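One file, final34.pdb, carrying PDB, C-alpha atoms and all ligand atoms:
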```pdb
MODEL        1
ATOM      1  CA  MET A 167      -6.414 -25.081  10.777
ATOM      2  CA  ILE A 168      -2.683 -24.589  11.391
ATOM      3  CA  SER A 169      -1.990 -20.898  11.912
ATOM      4  CA  LEU A 170       0.689 -19.410   9.687
ATOM      5  CA  SER A 171       3.268 -16.804  10.656
ATOM      6  CA  SER A 172       2.940 -13.517   8.738
ATOM      7  CA  LYS A 173       6.047 -14.417   6.722
ATOM      8  CA  GLU A 174       4.579 -17.825   5.818
ATOM      9  CA  LEU A 175       1.277 -16.235   4.766
ATOM     10  CA  LEU A 176       3.096 -13.801   2.449
ATOM     11  CA  GLU A 177       4.977 -16.686   0.839
ATOM     12  CA  THR A 178       1.827 -18.842   0.386
ATOM     13  CA  SER A 179       0.731 -19.699  -3.150
ATOM     14  CA  ILE A 180      -2.335 -17.834  -4.427
ATOM     15  CA  LYS A 181      -3.870 -21.079  -5.764
ATOM     16  CA  GLU A 182      -6.420 -21.525  -2.992
ATOM     17  CA  TYR A 183      -7.579 -17.882  -3.143
ATOM     18  CA  ILE A 184      -8.517 -17.748  -6.827
ATOM     19  CA  ILE A 185     -12.109 -17.348  -8.046
ATOM     20  CA  PRO A 186     -12.090 -19.867 -10.952
ATOM     21  CA  SER A 187     -12.770 -18.692 -14.509
ATOM     22  CA  GLU A 188     -16.172 -20.429 -14.712
ATOM     23  CA  LYS A 189     -17.426 -18.204 -11.867
ATOM     24  CA  VAL A 190     -16.114 -14.954 -13.353
ATOM     25  CA  ALA A 191     -18.476 -12.752 -15.381
ATOM     26  CA  HIS A 192     -16.767 -11.866 -18.683
ATOM     27  CA  VAL A 193     -17.385 -10.675 -22.248
ATOM     28  CA  GLN A 194     -15.917 -11.776 -25.569
ATOM     29  CA  VAL A 195     -13.699  -9.582 -27.756
ATOM     30  CA  GLY A 196     -16.252  -9.311 -30.578
ATOM     31  CA  ASN A 197     -19.155  -8.322 -28.320
ATOM     32  CA  SER A 198     -20.857  -4.954 -28.683
ATOM     33  CA  LEU A 199     -20.693  -2.264 -26.019
ATOM     34  CA  GLU A 200     -24.425  -2.763 -25.556
ATOM     35  CA  HIS A 201     -23.922  -6.417 -24.613
ATOM     36  CA  ALA A 202     -21.056  -5.519 -22.253
ATOM     37  CA  LEU A 203     -23.076  -2.780 -20.542
ATOM     38  CA  LEU A 204     -25.996  -5.177 -20.079
ATOM     39  CA  LEU A 205     -23.721  -7.792 -18.528
ATOM     40  CA  LEU A 206     -21.967  -5.271 -16.266
ATOM     41  CA  THR A 207     -25.310  -3.903 -15.085
ATOM     42  CA  ARG A 208     -26.857  -7.328 -14.502
ATOM     43  CA  SER A 209     -23.799  -8.757 -12.690
ATOM     44  CA  GLY A 210     -23.345  -5.664 -10.538
ATOM     45  CA  TYR A 211     -19.566  -5.563 -11.198
ATOM     46  CA  SER A 212     -17.956  -2.328 -12.341
ATOM     47  CA  SER A 213     -15.197  -3.995 -14.387
ATOM     48  CA  ILE A 214     -14.849  -7.482 -15.933
ATOM     49  CA  PRO A 215     -12.360  -9.366 -18.153
ATOM     50  CA  VAL A 216     -12.540  -9.521 -21.959
ATOM     51  CA  LEU A 217     -11.700 -12.995 -23.329
ATOM     52  CA  ASP A 218     -11.581 -14.693 -26.727
ATOM     53  CA  PRO A 219     -13.257 -18.036 -27.507
ATOM     54  CA  SER A 220     -10.069 -19.899 -26.415
ATOM     55  CA  PHE A 221     -10.250 -18.171 -23.023
ATOM     56  CA  ARG A 222      -7.265 -15.928 -23.654
ATOM     57  CA  LEU A 223      -7.284 -12.617 -21.805
ATOM     58  CA  HIS A 224      -7.396  -9.493 -24.033
ATOM     59  CA  GLY A 225      -8.371  -6.691 -21.672
ATOM     60  CA  LEU A 226     -10.783  -5.280 -19.115
ATOM     61  CA  ILE A 227     -14.043  -3.468 -19.795
ATOM     62  CA  SER A 228     -15.846  -1.244 -17.315
ATOM     63  CA  SER A 229     -19.068   0.779 -17.218
ATOM     64  CA  ARG A 230     -16.952   3.921 -16.940
ATOM     65  CA  LEU A 231     -14.996   3.145 -20.155
ATOM     66  CA  ILE A 232     -18.282   2.497 -21.984
ATOM     67  CA  THR A 233     -20.092   5.641 -20.833
ATOM     68  CA  ASP A 234     -16.938   7.655 -21.569
ATOM     69  CA  ASN A 235     -16.845   6.242 -25.106
ATOM     70  CA  ILE A 236     -20.436   7.193 -25.960
ATOM     71  CA  LEU A 237     -20.290  10.608 -24.343
ATOM     72  CA  GLY A 238     -21.012  13.255 -26.983
ATOM     73  CA  LEU A 239     -20.790  17.016 -26.585
ATOM     74  CA  GLU A 240     -24.071  17.408 -24.747
ATOM     75  CA  ARG A 241     -25.519  13.935 -24.292
ATOM     76  CA  PHE A 242     -24.773  10.208 -24.213
ATOM     77  CA  GLU A 243     -25.020   8.809 -27.757
ATOM     78  CA  PHE A 244     -26.709   5.547 -26.803
ATOM     79  CA  GLU A 245     -27.333   4.719 -30.479
ATOM     80  CA  ASN A 246     -23.573   3.931 -30.767
ATOM     81  CA  LEU A 247     -23.686   1.173 -28.173
ATOM     82  CA  GLU A 248     -24.828  -1.479 -30.634
ATOM     83  CA  GLU A 249     -22.227  -0.944 -33.364
ATOM     84  CA  ARG A 250     -19.130  -0.265 -31.231
ATOM     85  CA  LYS A 251     -17.027  -3.244 -30.151
ATOM     86  CA  VAL A 252     -15.555  -4.063 -26.768
ATOM     87  CA  GLU A 253     -12.073  -4.665 -28.232
ATOM     88  CA  ASN A 254     -11.811  -1.018 -29.329
ATOM     89  CA  VAL A 255     -12.735   0.393 -25.940
ATOM     90  CA  MET A 256     -11.278  -2.027 -23.353
ATOM     91  CA  SER A 257      -8.190  -1.187 -21.335
ATOM     92  CA  THR A 258      -5.038  -3.225 -21.850
ATOM     93  CA  ASP A 259      -2.820  -1.462 -19.331
ATOM     94  CA  PHE A 260      -3.080  -3.551 -16.144
ATOM     95  CA  SER A 261      -1.064  -6.090 -14.174
ATOM     96  CA  THR A 262      -1.768  -9.815 -14.210
ATOM     97  CA  ILE A 263      -0.431 -12.614 -12.039
ATOM     98  CA  SER A 264       0.411 -16.253 -12.649
ATOM     99  CA  ILE A 265      -0.931 -19.257 -10.795
ATOM    100  CA  ASP A 266       2.533 -19.621  -9.181
ATOM    101  CA  SER A 267       2.570 -16.082  -7.740
ATOM    102  CA  THR A 268       2.768 -15.609  -3.991
ATOM    103  CA  PHE A 269       0.197 -13.988  -1.719
ATOM    104  CA  LYS A 270       2.687 -11.133  -1.212
ATOM    105  CA  GLU A 271       2.903 -10.354  -4.954
ATOM    106  CA  ALA A 272      -0.898 -10.320  -5.270
ATOM    107  CA  PHE A 273      -1.288  -8.285  -2.075
ATOM    108  CA  ASN A 274       1.065  -5.564  -3.382
ATOM    109  CA  LEU A 275      -0.709  -5.314  -6.754
ATOM    110  CA  LEU A 276      -4.174  -5.304  -5.156
ATOM    111  CA  ILE A 277      -3.372  -1.982  -3.479
ATOM    112  CA  ASP A 278      -3.826  -0.292  -6.874
ATOM    113  CA  GLN A 279      -6.243  -2.671  -8.642
ATOM    114  CA  PRO A 280      -9.499  -4.096  -7.210
ATOM    115  CA  PHE A 281      -8.829  -7.492  -8.808
ATOM    116  CA  LEU A 282      -6.096  -9.329 -10.675
ATOM    117  CA  CYS A 283      -6.517 -11.668 -13.613
ATOM    118  CA  VAL A 284      -4.635 -14.936 -13.201
ATOM    119  CA  VAL A 285      -3.084 -16.021 -16.507
ATOM    120  CA  SER A 286      -1.216 -19.269 -17.289
ATOM    121  CA  SER A 287       2.165 -19.303 -19.067
ATOM    122  CA  GLU A 288       0.268 -20.177 -22.298
ATOM    123  CA  GLY A 289      -1.855 -17.033 -21.885
ATOM    124  CA  HIS A 290      -5.022 -18.763 -20.715
ATOM    125  CA  PHE A 291      -7.326 -17.010 -18.292
ATOM    126  CA  GLU A 292      -7.503 -19.064 -15.073
ATOM    127  CA  GLY A 293      -9.614 -16.780 -12.891
ATOM    128  CA  ILE A 294      -9.279 -13.711 -10.686
ATOM    129  CA  MET A 295      -7.954 -12.814  -7.262
ATOM    130  CA  THR A 296      -9.938 -10.031  -5.581
ATOM    131  CA  ARG A 297      -9.246  -7.474  -2.871
ATOM    132  CA  ARG A 298     -12.105  -8.972  -0.845
ATOM    133  CA  VAL A 299     -10.436 -12.397  -0.680
ATOM    134  CA  VAL A 300      -7.133 -10.857   0.434
ATOM    135  CA  LEU A 301      -8.809  -8.654   3.061
ATOM    136  CA  LYS A 302     -10.759 -11.656   4.423
ATOM    137  CA  GLU A 303      -7.544 -13.677   4.711
ATOM    138  CA  LEU A 304      -5.687 -10.806   6.395
ATOM    139  CA  LYS A 305      -8.580 -10.331   8.850
ATOM    140  CA  LYS A 306      -8.463 -14.036   9.753
ATOM    141  CA  HIS A 307      -4.695 -13.839  10.184
ATOM    142  CA  ILE A 308      -4.792 -10.713  12.393
ATOM    143  CA  TYR A 309      -7.530 -12.228  14.616
ATOM    144  CA  GLN A 310      -5.508 -15.439  15.006
ATOM    145  CA  MET A 311      -2.428 -13.403  16.008
ATOM    146  CA  ILE A 312      -4.440 -11.405  18.585
ATOM    147  CA  HIS A 313      -5.983 -14.544  20.109
ATOM    148  CA  SER A 314      -2.718 -16.513  20.196
ATOM    149  CA  GLY A 315      -0.686 -13.674  21.690
TER     150      GLY A 315
HETATM  151  P1  LIG B   1     -16.476  -3.931  -8.101
HETATM  152  O1  LIG B   1     -17.510  -4.422  -9.078
HETATM  153  O2  LIG B   1     -16.241  -2.451  -8.083
HETATM  154  O3  LIG B   1     -16.945  -4.393  -6.676
HETATM  155  C1  LIG B   1     -16.383  -3.852  -5.482
HETATM  156  C2  LIG B   1     -16.769  -4.724  -4.321
HETATM  157  O4  LIG B   1     -18.190  -4.707  -4.173
HETATM  158  C3  LIG B   1     -16.418  -6.201  -4.570
HETATM  159  O5  LIG B   1     -15.099  -6.377  -4.148
HETATM  160  C4  LIG B   1     -17.439  -6.922  -3.693
HETATM  161  O6  LIG B   1     -17.042  -6.902  -2.340
HETATM  162  C5  LIG B   1     -18.666  -6.047  -3.849
HETATM  163  N1  LIG B   1     -19.504  -6.514  -4.979
HETATM  164  C6  LIG B   1     -19.747  -5.832  -6.103
HETATM  165  N2  LIG B   1     -20.587  -6.517  -6.915
HETATM  166  C7  LIG B   1     -20.878  -7.680  -6.285
HETATM  167  C8  LIG B   1     -21.682  -8.831  -6.609
HETATM  168  N3  LIG B   1     -22.415  -8.925  -7.771
HETATM  169  N4  LIG B   1     -21.738  -9.858  -5.716
HETATM  170  C9  LIG B   1     -21.030  -9.777  -4.570
HETATM  171  N5  LIG B   1     -20.240  -8.717  -4.203
HETATM  172  C10 LIG B   1     -20.174  -7.683  -5.041
HETATM  173  P2  LIG B   1     -14.248  -7.645  -4.595
HETATM  174  O7  LIG B   1     -15.024  -8.905  -4.323
HETATM  175  O8  LIG B   1     -12.915  -7.503  -3.956
HETATM  176  O9  LIG B   1     -14.104  -7.519  -6.160
HETATM  177  C11 LIG B   1     -13.219  -6.600  -6.736
HETATM  178  C12 LIG B   1     -13.526  -6.439  -8.195
HETATM  179  O10 LIG B   1     -13.333  -7.683  -8.862
HETATM  180  C13 LIG B   1     -14.970  -6.061  -8.475
HETATM  181  O11 LIG B   1     -15.089  -4.648  -8.349
HETATM  182  C14 LIG B   1     -15.164  -6.582  -9.888
HETATM  183  O12 LIG B   1     -14.643  -5.647 -10.836
HETATM  184  C15 LIG B   1     -14.257  -7.834  -9.930
HETATM  185  N6  LIG B   1     -15.014  -9.077  -9.656
HETATM  186  C16 LIG B   1     -15.181  -9.683  -8.452
HETATM  187  N7  LIG B   1     -15.853 -10.856  -8.581
HETATM  188  C17 LIG B   1     -16.115 -11.001  -9.911
HETATM  189  C18 LIG B   1     -16.803 -12.008 -10.704
HETATM  190  N8  LIG B   1     -17.343 -13.121 -10.165
HETATM  191  N9  LIG B   1     -16.901 -11.797 -12.039
HETATM  192  C19 LIG B   1     -16.341 -10.687 -12.627
HETATM  193  N10 LIG B   1     -15.684  -9.718 -11.937
HETATM  194  C20 LIG B   1     -15.579  -9.859 -10.597
ENDMDL
END
```
Show how you would write the structure in this file as structure tokens.
Ligand code: 2BA
Amino acid sequence: MISLSSKELLETSIKEYIIPSEKVAHVQVGNSLEHALLLLTRSGYSSIPVLDPSFRLHGLISSRLITDNILGLERFEFENLEERKVENVMSTDFSTISIDSTFKEAFNLLIDQPFLCVVSSEGHFEGIMTRRVVLKELKKHIYQMIHSG
């Protein structure tokens, strides 16, 4: 592999670092909190995207948002999990990136978010870019610099 300078790496397209949509665990807008909690628990992820049937991104749902939502005065009201919907609980305040974004843009946003949803100009969900992928790439880059210098 040709080794890139740090500047070149920062300007690289994110295309090759994306986890494609078909490999990303997600829920649908109309799903119940019970379904979302089951999926989050089974997948092991703490937060996942919320999509509609046309694969448009609507928000993010996490175990923390769900447990917060069913927290009563003295106990968790688990009986509410079935009737409450993901779309009323999900968060919508987060950054996304486009398929044409650079590594540098993703890198800066991944300081504050563990993953970024990649959305096309038509609003379609293309996949995610995770902190892990960026850290792995930076590790490779730093090792190459050490061994070449
Ligand atoms: P978390 O679920 O909080 O996971 C934090 C880190 O723990 C992940 O970092 C990964 O290194 C590890 N991890 C957690 N669950 C895992 C699993 N089932 N298999 C393998 N490794 C697991 P990142 O890989 O940087 O991911 C950052 C965040 O991106 C995750 O945070 C999760 O919210 C989301 N994510 C990653 N891959 C996903 C996928 N295939 N589907 C849905 N969400 C995903």
Inset, instruction - Quick one: everything within 12 Å of Val284 (chain A), counting all atoms listed in the file, minus sequence neighbours fewer than 3 positions away in the same chain. Send it as a ChimeraX atom specification. - result: /A:180-181,183-187,190,215,221-223,260-268,272,281,287-296
What separates CA of Met311 (chain A) and CA of Ser171 (chain A) is a distance of 8.5 Å
Proximity check chain A to ligand LIG 1 (chain B), 7 Å, nearest pairs one decimal Å, only C-alpha atoms and all ligand atoms, as a tab-separated table:
```
residue	atom	partner	partner_atom	distance
A:Lys189	CA	B:LIG1	N8	5.4
A:Val190	CA	B:LIG1	N9	3.5
A:Ala191	CA	B:LIG1	N9	3.8
A:His192	CA	B:LIG1	C19	6.2
A:Ser209	CA	B:LIG1	N3	5.1
A:Gly210	CA	B:LIG1	N3	4.4
A:Tyr211	CA	B:LIG1	O1	3.2
A:Ser212	CA	B:LIG1	O1	3.9
A:Ser213	CA	B:LIG1	O12	4.0
A:Ile214	CA	B:LIG1	N10	4.7
A:Pro215	CA	B:LIG1	C19	6.9
A:Pro280	CA	B:LIG1	C11	4.5
A:Phe281	CA	B:LIG1	O10	4.5
A:Thr296	CA	B:LIG1	O8	4.2
A:Arg297	CA	B:LIG1	O8	3.8
A:Arg298	CA	B:LIG1	O8	3.5
A:Val299	CA	B:LIG1	O8	6.4
```
Students should find that CA of Val195 (chain A) and CA of Ser229 (chain A) are spaced 15.7 Å
Margin query: Between CA of Leu204 (chain A) and CA of Leu239 (chain A), what is the distance in Å, rounded to a tenth?
Written below: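 According to the coordinates, CA of Leu204 (chain A) and CA of Leu239 (chain A) are separated by 23.7 Å.
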Point to revise | Distance query Leu247 (chain A) at most 9 Å, all atoms listed in the file, self and fewer than 3 positions along chain excluded, as a PyMOL selection string | key: chain A and resi 198-201+203+232+236+243-244+250-251
Can you report as JSON the centre and edge lengths in Å, to one decimal, of an axis-aligned box around the listed atoms of region 167-182 of chain A padded with 5 Å on each side?
```
{"center_x": -0.2, "center_y": -19.3, "center_z": 3.1, "size_x": 22.5, "size_y": 21.6, "size_z": 27.7}
```
